[in-house]
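Structure first, commentary second.
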Amino acid sequence: MKTIVKYMLAMTIFLGTSCIKENFGNEEPCNCEEQEVTLRLAMPYVSPKNPTTRAIGEEEENAVENLYALAFRVHDNGEETFQYMAQARMTDNSDPESASQSFSVRLRVQNYSQRIVLVSNAQSQIKALVASRADGWVNQEKEAMLKNLVVAGDWNATSPQNYAKIPMWSESEPIVVSGRTLEISDGPIPMLRMTAKIEVQLGENARRNFKLKSVHVYNANSAGRIVPVSANIDETLKALHPSLPESFSVRPPMRFADFTAPGEPDVAMLGAIYVFETAARNKTDLNGDASQEMCIVVGGTYGAEEIPTFYRIDFLSRDGSQRIDILRNFRYACNIAEVNGAGHPTVEEAFAGKSYNMIAEVKQWDVSEITHIVFDNHHTLGADKNAFAFDRAARTTASADNKLSILTDAPAGWKAEAYADASRTRPSDWLSLNQKFGAAETVAKISLIAAENTGAERSAYISVTAGNLKFGITVKQGRK
């Protein structure tokens with residue numbers, strides 16, 4: 001049974017055996033047989049936690065505090081209705097700090113097809129929704145129920161010790177669960193985050209005469225849906241359009257001024273700004289009422305001036321012809337290439353006016369494809385991983401865990417090579433790549449090739465370049 005989604009951000013769910021059901025007290029007792037199924041979450045590689053880091057990073061973005069399976073009956077006419085839910089629990093042998101976590105959940109054995117919807121980090125919203133109806137939404141239509149799973153308010157990303165876990169969603173293809181069912185999918189089921197991420201950084205030229213001091217976000221939505229509208233997500237689990245709650249407002253401006261790690265004082269605001277999906281109101285009319293559109297206003301000191309000055313930056317397409325939507329699981333990187341003079345004297349005037357004396361571009365990525373990105377004054381280079389850790393088995397083009405996605409907008413494309421170490425003084429004698437060059441504007445998925453390791457643990461380094469841009473990936477292969 002194929003899944004509707006592909007690998008995202010290295011976060012995947014494999015389904016096998018073992019689990020437990022959550023009872024909210026408003027369901028009819030189930031006299032049916034239940035089958036235990038194991039849920040294994042393979043988390044992405046992360047660097048050791050830095051206690052001085054203020055904002056959150058990959059480890060926190062991918063954290064799973066709670067995980068629920070919501071089962072929907074798939075009728076012959078295509079309608080899907082809610083039947084029951086089960087809370088997955090972490091198994092005793094699972095380490096929450098490791099790259100591989102194991103959960104368990106109990107599914108009901110039925111003679112009809114079920115679609116299993118997975119929702120993480122939304123326990124309070126799920127409990128409140130089920131309790132909102134006397135029937136617990138049993139036999140109610142899928143969209144009518146799930147559209148009510150909404151998160152509202154500011155998103156807390158204060159620090160790795162103080163942050164809100166990001167709700168995530170995915171679902172299986174319809175499957176008949178029997179007493180012998182060990183998997184509900186023939187492959188991994190990735191999860192899709194409900195938030196978008198905004199980052200701001202100065203390019204090399206802008207750093208010479210401008211110091212970044214604040215970022216204000218205007219017209220962000222006050223609430224977001226946890227589960228997207230089916231028509232707004234493609235078969236690869238990429239958001240095509242924003243899925244908005246039935247009721248929401250535009251929140252007051254948000255101010256961000258803490259530039260500690262992973263940001264850089266005076267240079268970059270990173271890992272701090274998370275927003276709900278937002279639709280551009282006047283996409284093609286750039287002369288329309290800009291006061292309705294989501295934008296950011298950056299503040300900083302120009303040249304020798306000590307008093308901050310402010311500039312508005314809008315979310316526009318790469319060619320600048322239209323405004324763009326803010327979509328879940330996307331990263332919006334605002335690269336300020338040049339600052340050629342002072343801006344507006346106040347934040348309010350900058351928001352109400354037009355930007356001048358600043359050259360900036362907002363680049364967007366679906367982080368299910370590209371997660372690690374570097375950029376200069378003009379172009380970007382990104383990959384979906386910054387490290388691999390293999391066991392001793394050989395890796396070929398037919399392997400599943402040795403794929404690296406690369407994307408650049410540099411006109412000449414990218415090139416990659418495997419070296420013995422990060423000094424890049426000699427080629428690797430055990431690791432090779434099945435593709436070493438790629439065109440611009442196209443996501444390339446290459447394979448890392450290695451023979452079985454019969455000796456000690458070994459390491460290598462992949463260098464990816466695009467023009468002046470460079471990105472490195474470490475690779476290790478163990479003995480076991």
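Each chain of the structure tokens is named A, B, ... in the order shown, its residues numbered from 1; ligands are numbered from 1 in display order.
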
Q. Near range 67-72 of chain A, within 8 Å and counting only C-alpha atoms, which residues show up once chain neighbours fewer than 2 positions away are dropped, as a PyMOL selection string?
A. chain A and resi 64-65+74+80-89+105+114-123+142

Identify, on the basis of only C-alpha atoms, every residue whose closest approach to range 410-412 of chain A does not exceed 7 Å; exclude the query and any residue fewer than 2 positions from it along the same chain; express the result as an mmCIF file with N, CA and C atoms, in the first residue's frame.
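Printed below is result-v4.cif as written:
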```cif
data_model
loop_
_atom_site.group_PDB
_atom_site.id
_atom_site.type_symbol
_atom_site.label_atom_id
_atom_site.label_comp_id
_atom_site.auth_asym_id
_atom_site.auth_seq_id
_atom_site.Cartn_x
_atom_site.Cartn_y
_atom_site.Cartn_z
ATOM 1 N N HIS A 379 22.839 34.447 -4.673
ATOM 2 C CA HIS A 379 22.340 33.106 -4.942
ATOM 3 C C HIS A 379 22.321 32.250 -3.678
ATOM 4 N N THR A 380 21.688 31.080 -3.806
ATOM 5 C CA THR A 380 21.560 30.156 -2.682
ATOM 6 C C THR A 380 21.980 28.753 -3.103
ATOM 7 N N THR A 408 20.102 24.621 -6.092
ATOM 8 C CA THR A 408 20.724 25.945 -6.153
ATOM 9 C C THR A 408 20.031 26.779 -7.214
ATOM 10 N N TRP A 414 25.353 23.294 -9.796
ATOM 11 C CA TRP A 414 26.180 22.868 -8.678
ATOM 12 C C TRP A 414 27.101 21.721 -9.092
ATOM 13 N N ALA A 439 21.938 20.923 -12.657
ATOM 14 C CA ALA A 439 21.491 22.209 -13.181
ATOM 15 C C ALA A 439 20.836 23.052 -12.094
ATOM 16 N N ALA A 440 20.719 24.333 -12.346
ATOM 17 C CA ALA A 440 20.076 25.262 -11.424
ATOM 18 C C ALA A 440 18.559 25.080 -11.443
ATOM 19 N N ALA A 466 28.494 25.840 -5.569
ATOM 20 C CA ALA A 466 27.733 26.508 -6.626
ATOM 21 C C ALA A 466 28.256 27.931 -6.699
ATOM 22 N N GLY A 467 29.086 28.215 -7.685
ATOM 23 C CA GLY A 467 29.735 29.520 -7.735
ATOM 24 C C GLY A 467 30.637 29.680 -6.525
#
```

**Q.** Counting only C-alpha atoms, the option among A:Ser247, A:Asn340, A:Asn209, A:Asn66 closest to Asn357 in chain A
**A.** A:Asn340

Q.
Residues within 6 Å of range 220-229 of chain A, please, as an MDAnalysis selection string. Count only C-alpha atoms; anything in the same chain fewer than 2 positions from it doesn't count.
A. chainID A and resid 149:153 194 218 231:232 243 245 248:251 276 294

Q. Any idea what's packed within 8 Å of range 329-336 of chain A, counting only C-alpha atoms, ignoring anything in its chain fewer than 4 positions away? Could you give it as a list in words?
A. Leu192, Arg193, Met194, Thr195, Ala196, Lys197, Ile198, Glu199, Val200, Gln201, Leu202, Gly203, Ala206, Ala239, Met358, Ile359, Ala360, Glu361, Val362, Lys363, Gln364, Trp365, Asp366, Val367, Ser368, Phe375 and Asn377 of chain A

Restricted to C-alpha atoms, what would the selected residues look like written as an mmCIF file, in the first residue's frame?
```
data_model
loop_
_atom_site.group_PDB
_atom_site.id
_atom_site.type_symbol
_atom_site.label_atom_id
_atom_site.label_comp_id
_atom_site.auth_asym_id
_atom_site.auth_seq_id
_atom_site.Cartn_x
_atom_site.Cartn_y
_atom_site.Cartn_z
ATOM 1 C CA LEU A 192 4.153 17.903 7.839
ATOM 2 C CA ARG A 193 4.653 20.843 10.204
ATOM 3 C CA MET A 194 1.805 23.353 10.449
ATOM 4 C CA THR A 195 4.033 26.447 10.720
ATOM 5 C CA ALA A 196 6.226 28.453 8.364
ATOM 6 C CA LYS A 197 9.642 29.804 9.355
ATOM 7 C CA ILE A 198 10.999 33.287 8.566
ATOM 8 C CA GLU A 199 14.683 34.231 8.777
ATOM 9 C CA VAL A 200 16.528 37.464 7.952
ATOM 10 C CA GLN A 201 20.206 37.804 7.125
ATOM 11 C CA LEU A 202 22.581 40.419 5.745
ATOM 12 C CA GLY A 203 24.676 39.583 2.713
ATOM 13 C CA ALA A 206 25.139 44.885 3.361
ATOM 14 C CA ALA A 239 1.677 22.694 0.475
ATOM 15 C CA MET A 358 17.602 48.590 0.389
ATOM 16 C CA ILE A 359 17.954 45.677 -2.033
ATOM 17 C CA ALA A 360 16.482 42.490 -0.594
ATOM 18 C CA GLU A 361 15.012 39.233 -1.839
ATOM 19 C CA VAL A 362 12.837 36.685 -0.060
ATOM 20 C CA LYS A 363 13.738 33.137 -1.067
ATOM 21 C CA GLN A 364 11.365 30.295 -0.238
ATOM 22 C CA TRP A 365 11.870 26.533 0.135
ATOM 23 C CA ASP A 366 9.677 23.618 1.035
ATOM 24 C CA VAL A 367 11.756 22.143 3.846
ATOM 25 C CA SER A 368 10.537 18.662 3.005
ATOM 26 C CA PHE A 375 23.443 32.116 0.498
ATOM 27 C CA ASN A 377 24.505 38.432 -1.997
#
```

Give me the range 276-371 of chain A side of the contact with range 402-406 of chain A, cut-off 10 Å, one line per residue showing its nearest atom pair and distance in Å at one decimal, counting only C-alpha atoms, sorted by chain and residue number, as a tab-separated table.
```
residue	atom	partner	partner_atom	distance
A:Glu369	CA	A:Ser405	CA	6.9
A:Ile370	CA	A:Ser405	CA	7.0
A:Thr371	CA	A:Ser405	CA	9.6
```

Q | Between CA of Tyr311 in chain A and CA of Tyr356 in chain A - distance in Å to one decimal | A |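 The value is 7.1 Å.
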
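Restricting the calculation to only C-alpha atoms, the smallest distance between Ile126 in chain A and any of A:Lys147, A:Arg207, A:Arg479, A:Arg106 is found for A:Lys147.
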
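Distance check against Asn219 in chain A using only C-alpha atoms: of A:Ala131, A:Cys295, A:Val443, A:Cys32, the minimum falls on A:Cys295.
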
Q) Which is closer to Leu448 in chain A than all the others in A:Asp285, A:Glu235, A:Asp319, A:Asp401, using only C-alpha atoms? A)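 Answer, going by the shortest atom-to-atom distance: A:Asp401.
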
Q) Quick one: distance from CA of Arg255 in chain A to CA of Pro242 in chain A in Å, one decimal? A)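 Separation of CA of Arg255 in chain A and CA of Pro242 in chain A: 23.7 Å.
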
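Nearest to Ala164 in chain A of all the residues A:Ala280, A:Ala63, A:Ala352, A:Ile462 is A:Ala63, based on only C-alpha atoms.
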
Q | Near-Thr465 in chain A list (10 Å; only C-alpha atoms; drop same-chain fewer than 5 positions) as a list in words | A | Leu381, Gly382, Thr408, Ala410, Gly413, Trp414, Lys415, Ala416, Glu417, Phe437, Lys470, Phe471 and Gly472 of chain A

Output for the residues just chosen: C-alpha atoms as a PDB file, in the first residue's frame:
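The file below, selection_6.pdb, is the result:
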```pdb
ATOM      1  CA  LEU A 381      22.714  26.570  -2.282  1.00  0.00           C
ATOM      2  CA  GLY A 382      20.913  23.995  -0.184  1.00  0.00           C
ATOM      3  CA  THR A 408      20.724  25.945  -6.153  1.00  0.00           C
ATOM      4  CA  ALA A 410      23.185  29.793  -9.211  1.00  0.00           C
ATOM      5  CA  GLY A 413      24.339  24.891 -11.316  1.00  0.00           C
ATOM      6  CA  TRP A 414      26.180  22.868  -8.678  1.00  0.00           C
ATOM      7  CA  LYS A 415      28.959  20.294  -8.455  1.00  0.00           C
ATOM      8  CA  ALA A 416      29.866  17.795  -5.725  1.00  0.00           C
ATOM      9  CA  GLU A 417      32.836  15.621  -4.802  1.00  0.00           C
ATOM     10  CA  PHE A 437      26.924  17.898 -11.426  1.00  0.00           C
ATOM     11  CA  LYS A 470      30.033  25.949  -0.447  1.00  0.00           C
ATOM     12  CA  PHE A 471      28.228  23.357   1.657  1.00  0.00           C
ATOM     13  CA  GLY A 472      29.692  20.320   3.415  1.00  0.00           C
TER      14      GLY A 472
END
```

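Comparing A:Ser317, A:Gly299, A:Leu129, A:Asp325 by their smallest distance to Asp266 in chain A, the closest is A:Gly299 (using only C-alpha atoms).
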
Q) Which value, in Å to one decimal, gives the distance between CA of Ser214 in chain A and CA of Val374 in chain A? A) 21.5 Å
